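**Student:** Quick one: the structure is below, and I'll ask about it shortly.
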Amino acid sequence: MEWGWRATFLLLTRNDYHVHHLYIPKGIIMRWAPPSENKTDRHIKFVCKKAGCEPDTYLGVPSSAEGVLWMKLGLAMAIMENGTESLGYFAMIDGWMLTREYAQGHVASTKSR
């Protein structure tokens with residue numbers, strides 16, 4: 001299960017942050033749950049309440065101490081989609097650590113080029 005969390009966090013931190021330049025929950029959720037397919041406002045309200053942030057909260061740099069906001073956002077989004085019974089919280093933390101290991105290795109390999 002931790003590899004599924006790793007995939008989630010890589011999508012959030014690599015694609016949404018680095019590729020699409022999405023830094024606030026509202027923008028990220030609108031991308032993952034577009035209004036054409038979802039009740040996006042409800043998603044935004046639910047996820048932000050669970051994550052303890054506002055829709056326009058700047059989430060910070062994923063690799064910084066603020067990175068925990070990205071983990072909380074991913075968890076809140078998963079609860080919105082799946083409920084809480086199927087979530088493995090320790091696997092989620094392991095997935096976050098795998099993401100950080102990947103990011104650190106990725107940065108090291110691009111610096112050596």
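Ordered as shown in the structure tokens, chains take letters A, B, and onward, while each chain numbers its residues from 1 and ligands are numbered from 1 in the order shown.
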At a cut-off of 9 Å, using only C-alpha atoms, what residues contact Met77 (chain A)? Leave out same-chain residues fewer than 4 positions from it and give the result as a PyMOL selection string.

**Tutor:** chain A and resi 29+43+46-47+50-51+72-73+81-82

**Student:** Residues as selected, all heavy atoms, written as a CSV table (one decimal), in the first residue's frame, can you do that?

**Tutor:**
```csv
chain,number,residue,atom,x,y,z
A,29,ILE,N,-7.3,20.5,-6.3
A,29,ILE,CA,-8.6,19.7,-6.3
A,29,ILE,C,-9.3,19.9,-7.6
A,29,ILE,O,-9.9,19.0,-8.1
A,29,ILE,CB,-9.4,20.1,-5.1
A,29,ILE,CG1,-8.6,19.6,-3.8
A,29,ILE,CG2,-10.8,19.4,-5.1
A,29,ILE,CD1,-9.1,20.2,-2.5
A,43,HIS,N,-15.9,19.0,-2.9
A,43,HIS,CA,-14.6,18.3,-2.7
A,43,HIS,C,-13.7,19.3,-2.0
A,43,HIS,O,-13.0,18.9,-1.0
A,43,HIS,CB,-14.0,17.9,-4.0
A,43,HIS,CG,-14.5,16.6,-4.6
A,43,HIS,ND1,-13.7,15.5,-4.5
A,43,HIS,CD2,-15.6,16.3,-5.2
A,43,HIS,CE1,-14.4,14.5,-5.1
A,43,HIS,NE2,-15.5,15.0,-5.5
A,46,PHE,N,-14.7,19.8,1.8
A,46,PHE,CA,-14.4,18.6,2.6
A,46,PHE,C,-12.9,18.4,2.8
A,46,PHE,O,-12.4,18.2,3.9
A,46,PHE,CB,-15.0,17.4,1.9
A,46,PHE,CG,-14.7,16.1,2.6
A,46,PHE,CD1,-15.6,15.6,3.6
A,46,PHE,CD2,-13.6,15.3,2.3
A,46,PHE,CE1,-15.3,14.5,4.3
A,46,PHE,CE2,-13.3,14.2,3.0
A,46,PHE,CZ,-14.2,13.7,4.0
A,47,VAL,N,-12.1,18.5,1.7
A,47,VAL,CA,-10.7,18.2,1.8
A,47,VAL,C,-10.0,19.3,2.6
A,47,VAL,O,-9.2,18.9,3.5
A,47,VAL,CB,-10.1,18.1,0.4
A,47,VAL,CG1,-8.6,18.2,0.4
A,47,VAL,CG2,-10.6,16.9,-0.4
A,50,LYS,N,-10.8,18.7,6.3
A,50,LYS,CA,-10.0,17.5,6.9
A,50,LYS,C,-8.5,17.9,7.0
A,50,LYS,O,-7.9,17.5,8.0
A,50,LYS,CB,-10.2,16.3,6.0
A,50,LYS,CG,-11.5,15.7,6.1
A,50,LYS,CD,-11.6,14.9,7.3
A,50,LYS,CE,-12.9,14.1,7.4
A,50,LYS,NZ,-13.2,13.6,8.7
A,51,ALA,N,-8.0,18.6,6.0
A,51,ALA,CA,-6.5,18.9,6.0
A,51,ALA,C,-6.2,20.1,7.0
A,51,ALA,O,-5.0,20.3,7.2
A,51,ALA,CB,-6.1,19.2,4.6
A,72,LYS,N,-1.1,15.9,4.3
A,72,LYS,CA,-2.5,16.0,4.8
A,72,LYS,C,-3.4,16.2,3.7
A,72,LYS,O,-4.6,15.6,3.7
A,72,LYS,CB,-2.5,17.2,5.8
A,72,LYS,CG,-1.8,17.0,7.1
A,72,LYS,CD,-1.7,18.2,8.0
A,72,LYS,CE,-3.0,18.7,8.5
A,72,LYS,NZ,-2.9,19.8,9.4
A,73,LEU,N,-3.1,16.9,2.6
A,73,LEU,CA,-3.9,17.1,1.5
A,73,LEU,C,-4.2,15.8,0.8
A,73,LEU,O,-5.3,15.4,0.5
A,73,LEU,CB,-3.3,18.1,0.5
A,73,LEU,CG,-4.2,18.4,-0.7
A,73,LEU,CD1,-5.4,19.3,-0.3
A,73,LEU,CD2,-3.3,19.1,-1.8
A,81,GLU,N,-12.4,10.3,-1.4
A,81,GLU,CA,-12.7,9.3,-2.5
A,81,GLU,C,-13.1,7.9,-1.9
A,81,GLU,O,-13.9,7.2,-2.5
A,81,GLU,CB,-11.5,9.1,-3.4
A,81,GLU,CG,-11.2,10.4,-4.2
A,81,GLU,CD,-12.3,10.7,-5.2
A,81,GLU,OE1,-12.9,9.7,-5.8
A,81,GLU,OE2,-12.6,11.8,-5.4
A,82,ASN,N,-12.5,7.5,-0.8
A,82,ASN,CA,-12.6,6.1,-0.4
A,82,ASN,C,-13.2,5.9,1.0
A,82,ASN,O,-13.4,4.8,1.4
A,82,ASN,CB,-11.2,5.5,-0.3
A,82,ASN,CG,-10.5,5.6,-1.7
A,82,ASN,OD1,-11.0,5.2,-2.7
A,82,ASN,ND2,-9.3,6.1,-1.7
```

**Student:** Output as a tab-separated table one row per residue of region 21-108 of chain A within 8 Å of region 4-14 of chain A: the closest atom pair and its distance in Å to one decimal place, counting only C-alpha atoms, sorted by chain and residue number ascending.

**Tutor:**
```
residue	atom	partner	partner_atom	distance
A:Ile28	CA	A:Leu12	CA	8.0
A:Pro62	CA	A:Thr13	CA	6.1
A:Trp70	CA	A:Leu12	CA	7.5
A:Met71	CA	A:Phe9	CA	7.2
A:Gly74	CA	A:Phe9	CA	6.8
A:Ala91	CA	A:Trp5	CA	7.3
A:Met92	CA	A:Trp5	CA	5.5
A:Gly95	CA	A:Arg6	CA	4.3
A:Trp96	CA	A:Arg6	CA	5.9
A:Leu98	CA	A:Arg6	CA	6.1
A:Thr99	CA	A:Arg6	CA	5.4
```

**Student:** Got time to write the residues from that selection, C-alpha atoms, as a PDB file, in the first residue's frame?

**Tutor:**
```pdb
ATOM      1  CA  ILE A  28      -5.055  20.959  -7.100  1.00  0.00           C
ATOM      2  CA  PRO A  62       6.993  19.809  -0.627  1.00  0.00           C
ATOM      3  CA  TRP A  70       1.002  18.022   1.141  1.00  0.00           C
ATOM      4  CA  MET A  71       0.682  14.758   3.060  1.00  0.00           C
ATOM      5  CA  GLY A  74      -3.275  13.675  -0.042  1.00  0.00           C
ATOM      6  CA  ALA A  91       1.621   2.882   4.849  1.00  0.00           C
ATOM      7  CA  MET A  92       0.796   6.508   4.055  1.00  0.00           C
ATOM      8  CA  GLY A  95       4.775   6.265   1.090  1.00  0.00           C
ATOM      9  CA  TRP A  96       5.642   9.865   1.994  1.00  0.00           C
ATOM     10  CA  LEU A  98       9.548   6.832  -0.260  1.00  0.00           C
ATOM     11  CA  THR A  99       8.556  10.001  -2.115  1.00  0.00           C
TER      12      THR A  99
END
```

**Student:** Could you find all residues in region 2-72 of chain A that DSSP calls helix (DSSP H, G or I) from the backbone, and write them as an mmCIF file with C-alpha atoms, in the first residue's frame?

**Tutor:**
```cif
data_model
loop_
_atom_site.group_PDB
_atom_site.id
_atom_site.type_symbol
_atom_site.label_atom_id
_atom_site.label_comp_id
_atom_site.auth_asym_id
_atom_site.auth_seq_id
_atom_site.Cartn_x
_atom_site.Cartn_y
_atom_site.Cartn_z
ATOM 1 C CA GLU A 2 2.907 2.362 0.634
ATOM 2 C CA TRP A 3 3.740 2.306 -3.082
ATOM 3 C CA GLY A 4 0.218 3.523 -3.863
ATOM 4 C CA TRP A 5 0.731 6.393 -1.441
ATOM 5 C CA ARG A 6 4.107 7.077 -3.029
ATOM 6 C CA ALA A 7 2.393 7.342 -6.418
ATOM 7 C CA THR A 8 -0.183 9.728 -4.971
ATOM 8 C CA PHE A 9 2.438 11.930 -3.379
ATOM 9 C CA LEU A 10 4.590 11.938 -6.513
ATOM 10 C CA LEU A 11 1.589 13.096 -8.530
ATOM 11 C CA LEU A 12 0.947 15.849 -6.012
ATOM 12 C CA THR A 13 4.520 16.998 -5.500
ATOM 13 C CA ARG A 14 6.068 16.341 -8.908
ATOM 14 C CA ASN A 15 3.198 16.871 -11.346
ATOM 15 C CA ASP A 16 0.950 19.331 -9.559
ATOM 16 C CA TYR A 17 3.693 21.364 -7.877
ATOM 17 C CA HIS A 18 6.581 21.214 -10.359
ATOM 18 C CA VAL A 19 4.829 20.690 -13.712
ATOM 19 C CA PRO A 25 -5.597 23.117 -2.461
ATOM 20 C CA LYS A 26 -8.298 24.700 -4.617
ATOM 21 C CA GLY A 27 -6.195 24.510 -7.778
ATOM 22 C CA ILE A 28 -5.055 20.959 -7.100
ATOM 23 C CA ILE A 29 -8.552 19.696 -6.319
ATOM 24 C CA MET A 30 -9.994 21.409 -9.392
ATOM 25 C CA ARG A 31 -7.434 19.497 -11.456
ATOM 26 C CA TRP A 32 -8.143 16.124 -9.786
ATOM 27 C CA THR A 40 -15.826 20.341 -7.004
ATOM 28 C CA ASP A 41 -16.891 22.930 -4.434
ATOM 29 C CA ARG A 42 -17.958 20.102 -2.129
ATOM 30 C CA HIS A 43 -14.630 18.335 -2.674
ATOM 31 C CA ILE A 44 -12.715 21.529 -1.884
ATOM 32 C CA LYS A 45 -14.713 22.207 1.282
ATOM 33 C CA PHE A 46 -14.406 18.610 2.557
ATOM 34 C CA VAL A 47 -10.699 18.217 1.779
ATOM 35 C CA CYS A 48 -9.728 21.586 3.238
ATOM 36 C CA LYS A 49 -11.692 20.935 6.418
ATOM 37 C CA LYS A 50 -10.006 17.540 6.871
ATOM 38 C CA ALA A 51 -6.548 18.915 6.025
ATOM 39 C CA ALA A 65 9.070 21.373 6.837
ATOM 40 C CA GLU A 66 5.772 22.601 5.362
ATOM 41 C CA GLY A 67 5.669 19.387 3.321
ATOM 42 C CA VAL A 68 3.359 17.882 5.901
ATOM 43 C CA LEU A 69 0.568 19.987 4.368
ATOM 44 C CA TRP A 70 1.002 18.022 1.141
ATOM 45 C CA MET A 71 0.682 14.758 3.060
ATOM 46 C CA LYS A 72 -2.457 16.023 4.829
#
```

**Student:** Enter the distance from CA of Ser36 (chain A) to CA of His20 (chain A), in Å, rounded to one decimal.

**Tutor:** 19.3 Å

**Student:** Which residue out of A:Glu101, A:Ala76, A:Tyr89, A:Gly60 has the minimum interatomic distance to His21 (chain A) when only C-alpha atoms are used?

**Tutor:**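 Closest to His21 (chain A), using only C-alpha atoms: A:Gly60.
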
**Student:** So what do you get for CA of Pro35 (chain A) versus CA of Met80 (chain A), distance-wise?

**Tutor:**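 Going from CA of Pro35 (chain A) over to CA of Met80 (chain A) covers 15.5 Å.
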
**Student:** Choose the residue, out of A:Leu22, A:Pro34, A:Arg100, A:Leu75, that has the smallest atom-to-atom separation from Gly88 (chain A); count only C-alpha atoms.

**Tutor:**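 Of all the options, A:Leu75 lies closest to Gly88 (chain A).
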
**Student:** Given only C-alpha atoms as the basis, pick out the residue of A:Leu87, A:Ala103, A:Cys53, A:Ala78 nearest to Ile24 (chain A).

**Tutor:**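 Once distances to Ile24 (chain A) are computed over only C-alpha atoms, the minimum belongs to A:Cys53.
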
**Student:** What does the distance between CA of Phe90 (chain A) and CA of Tyr102 (chain A) come to in Å, to one decimal place?

**Tutor:**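 For CA of Phe90 (chain A) relative to CA of Tyr102 (chain A), the distance reads 18.4 Å.
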